[in-house]
Amino acid sequence: MTLPYAFRMKTQRRSTPAGGRPLRADAERTVTAILEAAERTLSRDPAATMEQIAEAAGVARTTVHRRFATREALIDALAVWATQRFAAAVDAAHPDTAPPLVALYQTTANVLGVKVGWGFAMSQASSANPEVARVHGDVRETCERLFRRAREAGVLRADVDIPWTRRVYYALIHEAAQNRDEKDTDALATLVVDTLLRGAGTPHPDRL
């Protein structure tokens, strides 16, 4: 699974287990391999076993159990890991500094890269997890700041309701990520942004 280059390097930071110290480079590579294998395997078969995940990762079953005591712990870790990738994807688009329209498009493309590439993991991310809740709260605030900048720049109408627009934007991204006929995240991002900014109506419906 290949992450979009725009944020791939930014996400290659040292992983830190909950309540623990950062992992050594070799241990981090092992954990990353397990998590990537878990995403691939569970996307195909949500009932896949730890043994199947270990085989896909190219490691012994005992190695997986040493890192993740249970299957549930592995899935929880996968969800948190993907959520952190999601946050890094947003940050990599420079939503607070890039021109608003550029930032909106790049944020959309980056986020879709995570949602398409890590669909199983993202579906398991629960707001009951404090880290997931924190990340989604930060992203929500970042998104609304970007939309306020877009409104000030004239990309969005002056009377637009920012929280409502964000919810519509989230819904569009969700639907785009479910599109099985189109896997090009740039094309999907264009579709989302175009729909958000122009909708499905004609330019002057009042003249019909």
# chains A, B, ... in the order shown; residues from 1 in each chain; ligands from 1
>>> residues_around(residues="Thr142 in chain A", least_positions_apart="6", cutoff="9 Å", atoms="only C-alpha atoms", output="PDB file with N, CA and C atoms, in the first residue's frame")
ATOM      1  N   VAL A  90      -3.839  15.755   6.463  1.00  0.00           N
ATOM      2  CA  VAL A  90      -4.404  17.108   6.516  1.00  0.00           C
ATOM      3  C   VAL A  90      -3.285  18.132   6.703  1.00  0.00           C
ATOM      4  N   ASP A  91      -2.381  17.883   7.637  1.00  0.00           N
ATOM      5  CA  ASP A  91      -1.284  18.824   7.898  1.00  0.00           C
ATOM      6  C   ASP A  91      -0.422  19.042   6.663  1.00  0.00           C
ATOM      7  N   PRO A  95      -3.153  23.551   5.340  1.00  0.00           N
ATOM      8  CA  PRO A  95      -4.468  24.201   5.272  1.00  0.00           C
ATOM      9  C   PRO A  95      -4.504  25.607   5.877  1.00  0.00           C
ATOM     10  N   ASP A  96      -3.527  25.951   6.715  1.00  0.00           N
ATOM     11  CA  ASP A  96      -3.531  27.274   7.339  1.00  0.00           C
ATOM     12  C   ASP A  96      -2.693  28.294   6.586  1.00  0.00           C
TER      13      ASP A  96
END
>>> residues_around(residues="Thr63 in chain A", least_positions_apart="4", cutoff="10 Å", atoms="only C-alpha atoms", output="MDAnalysis selection string")
chainID A and resid 30:31 34 54 59 67:68
>>> select_by_dssp(residues="range 79-184 of chain A", states="alpha helix (DSSP H)", output="mmCIF file with N, CA, C and O atoms, in the first residue's frame")
data_model
loop_
_atom_site.group_PDB
_atom_site.id
_atom_site.type_symbol
_atom_site.label_atom_id
_atom_site.label_comp_id
_atom_site.auth_asym_id
_atom_site.auth_seq_id
_atom_site.Cartn_x
_atom_site.Cartn_y
_atom_site.Cartn_z
ATOM 1 N N ALA A 79 -6.529 1.182 14.013
ATOM 2 C CA ALA A 79 -7.425 2.333 13.874
ATOM 3 C C ALA A 79 -6.743 3.624 14.311
ATOM 4 O O ALA A 79 -6.857 4.658 13.649
ATOM 5 N N VAL A 80 -6.008 3.569 15.420
ATOM 6 C CA VAL A 80 -5.299 4.758 15.901
ATOM 7 C C VAL A 80 -4.208 5.144 14.911
ATOM 8 O O VAL A 80 -4.027 6.328 14.583
ATOM 9 N N TRP A 81 -3.473 4.158 14.417
ATOM 10 C CA TRP A 81 -2.387 4.417 13.481
ATOM 11 C C TRP A 81 -2.913 5.084 12.217
ATOM 12 O O TRP A 81 -2.351 6.067 11.725
ATOM 13 N N ALA A 82 -4.022 4.570 11.667
ATOM 14 C CA ALA A 82 -4.607 5.160 10.465
ATOM 15 C C ALA A 82 -5.135 6.565 10.746
ATOM 16 O O ALA A 82 -5.037 7.459 9.896
ATOM 17 N N THR A 83 -5.686 6.771 11.940
ATOM 18 C CA THR A 83 -6.178 8.100 12.306
ATOM 19 C C THR A 83 -5.036 9.101 12.358
ATOM 20 O O THR A 83 -5.180 10.258 11.940
ATOM 21 N N GLN A 84 -3.884 8.675 12.834
ATOM 22 C CA GLN A 84 -2.717 9.545 12.847
ATOM 23 C C GLN A 84 -2.245 9.844 11.430
ATOM 24 O O GLN A 84 -1.811 10.961 11.136
ATOM 25 N N ARG A 85 -2.338 8.856 10.535
ATOM 26 C CA ARG A 85 -2.007 9.098 9.128
ATOM 27 C C ARG A 85 -2.983 10.117 8.531
ATOM 28 O O ARG A 85 -2.613 10.955 7.720
ATOM 29 N N PHE A 86 -4.247 10.015 8.931
ATOM 30 C CA PHE A 86 -5.288 10.943 8.487
ATOM 31 C C PHE A 86 -4.929 12.374 8.901
ATOM 32 O O PHE A 86 -4.992 13.315 8.091
ATOM 33 N N ALA A 87 -4.497 12.554 10.149
ATOM 34 C CA ALA A 87 -4.119 13.883 10.630
ATOM 35 C C ALA A 87 -2.901 14.410 9.874
ATOM 36 O O ALA A 87 -2.842 15.593 9.507
ATOM 37 N N ALA A 88 -1.921 13.532 9.633
ATOM 38 C CA ALA A 88 -0.727 13.938 8.895
ATOM 39 C C ALA A 88 -1.075 14.335 7.464
ATOM 40 O O ALA A 88 -0.476 15.249 6.892
ATOM 41 N N ALA A 89 -2.066 13.656 6.885
ATOM 42 C CA ALA A 89 -2.509 13.979 5.524
ATOM 43 C C ALA A 89 -3.066 15.397 5.466
ATOM 44 O O ALA A 89 -2.804 16.146 4.526
ATOM 45 N N VAL A 90 -3.839 15.755 6.463
ATOM 46 C CA VAL A 90 -4.404 17.108 6.516
ATOM 47 C C VAL A 90 -3.285 18.132 6.703
ATOM 48 O O VAL A 90 -3.215 19.141 5.984
ATOM 49 N N ASP A 91 -2.381 17.883 7.637
ATOM 50 C CA ASP A 91 -1.284 18.824 7.898
ATOM 51 C C ASP A 91 -0.422 19.042 6.663
ATOM 52 O O ASP A 91 0.042 20.153 6.398
ATOM 53 N N ALA A 92 -0.190 17.960 5.895
ATOM 54 C CA ALA A 92 0.682 18.043 4.718
ATOM 55 C C ALA A 92 0.112 18.935 3.621
ATOM 56 O O ALA A 92 0.840 19.367 2.729
ATOM 57 N N PRO A 100 -6.367 29.240 -0.143
ATOM 58 C CA PRO A 100 -7.498 28.416 0.291
ATOM 59 C C PRO A 100 -7.967 27.369 -0.718
ATOM 60 O O PRO A 100 -8.216 26.224 -0.346
ATOM 61 N N LEU A 101 -8.084 27.735 -1.993
ATOM 62 C CA LEU A 101 -8.564 26.765 -2.969
ATOM 63 C C LEU A 101 -7.548 25.637 -3.178
ATOM 64 O O LEU A 101 -7.922 24.464 -3.286
ATOM 65 N N VAL A 102 -6.267 25.994 -3.197
ATOM 66 C CA VAL A 102 -5.208 24.985 -3.318
ATOM 67 C C VAL A 102 -5.245 24.054 -2.104
ATOM 68 O O VAL A 102 -5.169 22.828 -2.223
ATOM 69 N N ALA A 103 -5.345 24.657 -0.910
ATOM 70 C CA ALA A 103 -5.364 23.866 0.323
ATOM 71 C C ALA A 103 -6.584 22.959 0.375
ATOM 72 O O ALA A 103 -6.493 21.808 0.828
ATOM 73 N N LEU A 104 -7.725 23.451 -0.094
ATOM 74 C CA LEU A 104 -8.949 22.649 -0.082
ATOM 75 C C LEU A 104 -8.786 21.425 -0.988
ATOM 76 O O LEU A 104 -9.125 20.300 -0.588
ATOM 77 N N TYR A 105 -8.259 21.645 -2.181
ATOM 78 C CA TYR A 105 -8.076 20.523 -3.098
ATOM 79 C C TYR A 105 -7.053 19.530 -2.538
ATOM 80 O O TYR A 105 -7.303 18.312 -2.528
ATOM 81 N N GLN A 106 -5.896 20.033 -2.049
ATOM 82 C CA GLN A 106 -4.849 19.120 -1.590
ATOM 83 C C GLN A 106 -5.274 18.363 -0.333
ATOM 84 O O GLN A 106 -4.976 17.179 -0.173
ATOM 85 N N THR A 107 -5.974 19.051 0.567
ATOM 86 C CA THR A 107 -6.496 18.371 1.747
ATOM 87 C C THR A 107 -7.429 17.235 1.336
ATOM 88 O O THR A 107 -7.353 16.117 1.858
ATOM 89 N N THR A 108 -8.304 17.524 0.390
ATOM 90 C CA THR A 108 -9.262 16.520 -0.071
ATOM 91 C C THR A 108 -8.553 15.320 -0.685
ATOM 92 O O THR A 108 -8.872 14.166 -0.368
ATOM 93 N N ALA A 109 -7.579 15.575 -1.553
ATOM 94 C CA ALA A 109 -6.846 14.487 -2.200
ATOM 95 C C ALA A 109 -6.086 13.654 -1.172
ATOM 96 O O ALA A 109 -6.082 12.419 -1.220
ATOM 97 N N ASN A 110 -5.429 14.325 -0.211
ATOM 98 C CA ASN A 110 -4.659 13.606 0.798
ATOM 99 C C ASN A 110 -5.549 12.745 1.695
ATOM 100 O O ASN A 110 -5.226 11.599 2.003
ATOM 101 N N VAL A 111 -6.657 13.327 2.122
ATOM 102 C CA VAL A 111 -7.573 12.588 2.992
ATOM 103 C C VAL A 111 -8.167 11.389 2.253
ATOM 104 O O VAL A 111 -8.281 10.289 2.817
ATOM 105 N N LEU A 112 -8.524 11.580 1.007
ATOM 106 C CA LEU A 112 -9.054 10.462 0.235
ATOM 107 C C LEU A 112 -8.005 9.363 0.067
ATOM 108 O O LEU A 112 -8.334 8.174 0.059
ATOM 109 N N GLY A 113 -6.737 9.752 -0.031
ATOM 110 C CA GLY A 113 -5.681 8.757 -0.105
ATOM 111 C C GLY A 113 -5.667 7.850 1.114
ATOM 112 O O GLY A 113 -5.469 6.630 1.001
ATOM 113 N N VAL A 114 -5.905 8.433 2.284
ATOM 114 C CA VAL A 114 -5.958 7.639 3.512
ATOM 115 C C VAL A 114 -7.242 6.829 3.572
ATOM 116 O O VAL A 114 -7.230 5.632 3.886
ATOM 117 N N LYS A 115 -8.364 7.457 3.255
ATOM 118 C CA LYS A 115 -9.644 6.761 3.380
ATOM 119 C C LYS A 115 -9.774 5.611 2.391
ATOM 120 O O LYS A 115 -10.383 4.589 2.703
ATOM 121 N N VAL A 116 -9.203 5.764 1.205
ATOM 122 C CA VAL A 116 -9.247 4.681 0.227
ATOM 123 C C VAL A 116 -8.219 3.613 0.588
ATOM 124 O O VAL A 116 -8.503 2.412 0.544
ATOM 125 N N GLY A 117 -7.014 4.034 0.957
ATOM 126 C CA GLY A 117 -5.954 3.083 1.248
ATOM 127 C C GLY A 117 -6.071 2.384 2.584
ATOM 128 O O GLY A 117 -5.559 1.280 2.759
ATOM 129 N N GLY A 119 -9.152 1.922 4.339
ATOM 130 C CA GLY A 119 -10.606 1.907 4.551
ATOM 131 C C GLY A 119 -11.046 1.087 5.746
ATOM 132 O O GLY A 119 -11.894 1.522 6.530
ATOM 133 N N PHE A 120 -10.479 -0.118 5.916
ATOM 134 C CA PHE A 120 -10.880 -0.944 7.050
ATOM 135 C C PHE A 120 -10.505 -0.254 8.356
ATOM 136 O O PHE A 120 -11.327 -0.139 9.272
ATOM 137 N N ALA A 121 -9.273 0.203 8.444
ATOM 138 C CA ALA A 121 -8.805 0.832 9.688
ATOM 139 C C ALA A 121 -9.634 2.054 10.038
ATOM 140 O O ALA A 121 -10.039 2.235 11.190
ATOM 141 N N MET A 122 -9.921 2.894 9.047
ATOM 142 C CA MET A 122 -10.696 4.098 9.320
ATOM 143 C C MET A 122 -12.115 3.761 9.753
ATOM 144 O O MET A 122 -12.715 4.479 10.543
ATOM 145 N N SER A 123 -12.639 2.638 9.244
ATOM 146 C CA SER A 123 -13.992 2.243 9.646
ATOM 147 C C SER A 123 -14.039 1.779 11.093
ATOM 148 O O SER A 123 -15.117 1.722 11.703
ATOM 149 N N GLN A 124 -12.886 1.429 11.648
ATOM 150 C CA GLN A 124 -12.830 0.938 13.021
ATOM 151 C C GLN A 124 -12.511 2.048 14.029
ATOM 152 O O GLN A 124 -12.517 1.807 15.233
ATOM 153 N N PRO A 130 -9.723 7.948 23.184
ATOM 154 C CA PRO A 130 -9.326 9.342 23.409
ATOM 155 C C PRO A 130 -8.415 9.904 22.329
ATOM 156 O O PRO A 130 -8.547 11.070 21.942
ATOM 157 N N GLU A 131 -7.491 9.094 21.807
ATOM 158 C CA GLU A 131 -6.581 9.576 20.766
ATOM 159 C C GLU A 131 -7.329 9.845 19.463
ATOM 160 O O GLU A 131 -7.101 10.862 18.802
ATOM 161 N N VAL A 132 -8.238 8.949 19.106
ATOM 162 C CA VAL A 132 -9.046 9.149 17.898
ATOM 163 C C VAL A 132 -9.906 10.401 18.051
ATOM 164 O O VAL A 132 -9.996 11.231 17.131
ATOM 165 N N ALA A 133 -10.528 10.553 19.207
ATOM 166 C CA ALA A 133 -11.376 11.727 19.448
ATOM 167 C C ALA A 133 -10.566 13.016 19.371
ATOM 168 O O ALA A 133 -11.010 14.026 18.807
ATOM 169 N N ARG A 134 -9.358 12.997 19.946
ATOM 170 C CA ARG A 134 -8.500 14.191 19.918
ATOM 171 C C ARG A 134 -8.135 14.562 18.486
ATOM 172 O O ARG A 134 -8.245 15.730 18.075
ATOM 173 N N VAL A 135 -7.699 13.565 17.703
ATOM 174 C CA VAL A 135 -7.292 13.828 16.323
ATOM 175 C C VAL A 135 -8.459 14.367 15.509
ATOM 176 O O VAL A 135 -8.323 15.364 14.786
ATOM 177 N N HIS A 136 -9.626 13.746 15.636
ATOM 178 C CA HIS A 136 -10.774 14.209 14.852
ATOM 179 C C HIS A 136 -11.222 15.605 15.289
ATOM 180 O O HIS A 136 -11.662 16.403 14.449
ATOM 181 N N GLY A 137 -11.082 15.910 16.557
ATOM 182 C CA GLY A 137 -11.394 17.257 17.016
ATOM 183 C C GLY A 137 -10.445 18.287 16.422
ATOM 184 O O GLY A 137 -10.865 19.364 15.965
ATOM 185 N N ASP A 138 -9.152 17.951 16.393
ATOM 186 C CA ASP A 138 -8.162 18.859 15.805
ATOM 187 C C ASP A 138 -8.421 19.062 14.315
ATOM 188 O O ASP A 138 -8.336 20.187 13.797
ATOM 189 N N VAL A 139 -8.731 17.967 13.611
ATOM 190 C CA VAL A 139 -8.991 18.062 12.170
ATOM 191 C C VAL A 139 -10.248 18.882 11.904
ATOM 192 O O VAL A 139 -10.291 19.685 10.960
ATOM 193 N N ARG A 140 -11.270 18.690 12.731
ATOM 194 C CA ARG A 140 -12.502 19.472 12.564
ATOM 195 C C ARG A 140 -12.208 20.972 12.688
ATOM 196 O O ARG A 140 -12.678 21.781 11.872
ATOM 197 N N GLU A 141 -11.412 21.361 13.684
ATOM 198 C CA GLU A 141 -11.066 22.774 13.859
ATOM 199 C C GLU A 141 -10.245 23.288 12.680
ATOM 200 O O GLU A 141 -10.453 24.412 12.198
ATOM 201 N N THR A 142 -9.303 22.466 12.199
ATOM 202 C CA THR A 142 -8.491 22.858 11.050
ATOM 203 C C THR A 142 -9.356 23.062 9.818
ATOM 204 O O THR A 142 -9.182 24.034 9.065
ATOM 205 N N CYS A 143 -10.288 22.163 9.602
ATOM 206 C CA CYS A 143 -11.185 22.251 8.452
ATOM 207 C C CYS A 143 -12.018 23.530 8.504
ATOM 208 O O CYS A 143 -12.166 24.238 7.502
ATOM 209 N N GLU A 144 -12.534 23.848 9.659
ATOM 210 C CA GLU A 144 -13.377 25.043 9.771
ATOM 211 C C GLU A 144 -12.544 26.313 9.612
ATOM 212 O O GLU A 144 -13.022 27.307 9.052
ATOM 213 N N ARG A 145 -11.275 26.286 10.077
ATOM 214 C CA ARG A 145 -10.403 27.439 9.834
ATOM 215 C C ARG A 145 -10.172 27.614 8.327
ATOM 216 O O ARG A 145 -10.196 28.737 7.816
ATOM 217 N N LEU A 146 -9.943 26.505 7.635
ATOM 218 C CA LEU A 146 -9.741 26.576 6.190
ATOM 219 C C LEU A 146 -10.983 27.133 5.499
ATOM 220 O O LEU A 146 -10.878 27.980 4.596
ATOM 221 N N PHE A 147 -12.154 26.699 5.923
ATOM 222 C CA PHE A 147 -13.370 27.193 5.299
ATOM 223 C C PHE A 147 -13.590 28.681 5.588
ATOM 224 O O PHE A 147 -14.106 29.405 4.733
ATOM 225 N N ARG A 148 -13.195 29.130 6.776
ATOM 226 C CA ARG A 148 -13.308 30.567 7.060
ATOM 227 C C ARG A 148 -12.359 31.358 6.164
ATOM 228 O O ARG A 148 -12.720 32.438 5.655
ATOM 229 N N ARG A 149 -11.160 30.840 5.957
ATOM 230 C CA ARG A 149 -10.222 31.494 5.040
ATOM 231 C C ARG A 149 -10.784 31.514 3.629
ATOM 232 O O ARG A 149 -10.653 32.517 2.903
ATOM 233 N N ALA A 150 -11.409 30.398 3.230
ATOM 234 C CA ALA A 150 -12.005 30.322 1.895
ATOM 235 C C ALA A 150 -13.143 31.328 1.748
ATOM 236 O O ALA A 150 -13.306 31.946 0.686
ATOM 237 N N ARG A 151 -13.902 31.499 2.802
ATOM 238 C CA ARG A 151 -15.001 32.482 2.772
ATOM 239 C C ARG A 151 -14.441 33.891 2.639
ATOM 240 O O ARG A 151 -14.937 34.702 1.848
ATOM 241 N N GLU A 152 -13.407 34.193 3.398
ATOM 242 C CA GLU A 152 -12.800 35.527 3.339
ATOM 243 C C GLU A 152 -12.175 35.804 1.973
ATOM 244 O O GLU A 152 -12.150 36.950 1.509
ATOM 245 N N ILE A 162 -20.435 27.845 8.190
ATOM 246 C CA ILE A 162 -19.209 27.044 8.182
ATOM 247 C C ILE A 162 -19.416 25.632 8.741
ATOM 248 O O ILE A 162 -19.019 24.648 8.101
ATOM 249 N N PRO A 163 -20.021 25.456 9.925
ATOM 250 C CA PRO A 163 -20.200 24.089 10.434
ATOM 251 C C PRO A 163 -21.032 23.212 9.486
ATOM 252 O O PRO A 163 -20.723 22.033 9.289
ATOM 253 N N TRP A 164 -22.081 23.787 8.912
ATOM 254 C CA TRP A 164 -22.913 23.015 7.981
ATOM 255 C C TRP A 164 -22.110 22.644 6.733
ATOM 256 O O TRP A 164 -22.166 21.502 6.256
ATOM 257 N N THR A 165 -21.330 23.587 6.204
ATOM 258 C CA THR A 165 -20.523 23.320 5.022
ATOM 259 C C THR A 165 -19.499 22.222 5.306
ATOM 260 O O THR A 165 -19.252 21.353 4.456
ATOM 261 N N ARG A 166 -18.919 22.241 6.498
ATOM 262 C CA ARG A 166 -17.964 21.185 6.860
ATOM 263 C C ARG A 166 -18.641 19.822 6.871
ATOM 264 O O ARG A 166 -18.086 18.842 6.366
ATOM 265 N N ARG A 167 -19.851 19.754 7.433
ATOM 266 C CA ARG A 167 -20.548 18.467 7.485
ATOM 267 C C ARG A 167 -20.872 17.967 6.079
ATOM 268 O O ARG A 167 -20.763 16.768 5.795
ATOM 269 N N VAL A 168 -21.279 18.872 5.199
ATOM 270 C CA VAL A 168 -21.545 18.493 3.808
ATOM 271 C C VAL A 168 -20.251 18.002 3.154
ATOM 272 O O VAL A 168 -20.241 16.989 2.441
ATOM 273 N N TYR A 169 -19.168 18.696 3.395
ATOM 274 C CA TYR A 169 -17.852 18.319 2.849
ATOM 275 C C TYR A 169 -17.447 16.932 3.335
ATOM 276 O O TYR A 169 -17.001 16.096 2.543
ATOM 277 N N TYR A 170 -17.616 16.678 4.622
ATOM 278 C CA TYR A 170 -17.315 15.346 5.159
ATOM 279 C C TYR A 170 -18.151 14.272 4.456
ATOM 280 O O TYR A 170 -17.648 13.189 4.133
ATOM 281 N N ALA A 171 -19.425 14.558 4.247
ATOM 282 C CA ALA A 171 -20.304 13.583 3.593
ATOM 283 C C ALA A 171 -19.859 13.315 2.162
ATOM 284 O O ALA A 171 -19.874 12.165 1.692
ATOM 285 N N LEU A 172 -19.431 14.362 1.461
ATOM 286 C CA LEU A 172 -18.951 14.185 0.094
ATOM 287 C C LEU A 172 -17.689 13.328 0.068
ATOM 288 O O LEU A 172 -17.534 12.453 -0.794
ATOM 289 N N ILE A 173 -16.779 13.562 0.995
ATOM 290 C CA ILE A 173 -15.554 12.762 1.060
ATOM 291 C C ILE A 173 -15.900 11.305 1.352
ATOM 292 O O ILE A 173 -15.335 10.380 0.751
ATOM 293 N N HIS A 174 -16.832 11.100 2.278
ATOM 294 C CA HIS A 174 -17.221 9.732 2.613
ATOM 295 C C HIS A 174 -17.770 9.016 1.378
ATOM 296 O O HIS A 174 -17.387 7.870 1.093
ATOM 297 N N GLU A 175 -18.640 9.677 0.645
ATOM 298 C CA GLU A 175 -19.227 9.055 -0.541
ATOM 299 C C GLU A 175 -18.164 8.805 -1.608
ATOM 300 O O GLU A 175 -18.170 7.765 -2.276
ATOM 301 N N ALA A 176 -17.249 9.748 -1.775
ATOM 302 C CA ALA A 176 -16.190 9.570 -2.771
ATOM 303 C C ALA A 176 -15.302 8.382 -2.421
ATOM 304 O O ALA A 176 -14.888 7.620 -3.305
ATOM 305 N N ALA A 177 -15.014 8.203 -1.139
ATOM 306 C CA ALA A 177 -14.162 7.094 -0.707
ATOM 307 C C ALA A 177 -14.833 5.749 -0.941
ATOM 308 O O ALA A 177 -14.139 4.724 -1.034
#
>>> closest_residue(among="A:Val155, A:Ala189, A:Ala33, A:Ala25", to="Pro99 in chain A", atoms="only C-alpha atoms")
A:Val155
>>> residues_around(residues="Arg61 in chain A", least_positions_apart="4", cutoff="9 Å", atoms="only C-alpha atoms", output="list in words")
Met50, Glu51, Gln52, Ile53, Ala54, Glu55, His65 and Arg66 of chain A
>>> atom_distance(atom1="CA of Ala56 in chain A", atom2="CA of Thr41 in chain A")
7.2 Å
>>> atom_distance(atom1="CA of Ala153 in chain A", atom2="CA of Asp184 in chain A")
28.5 Å
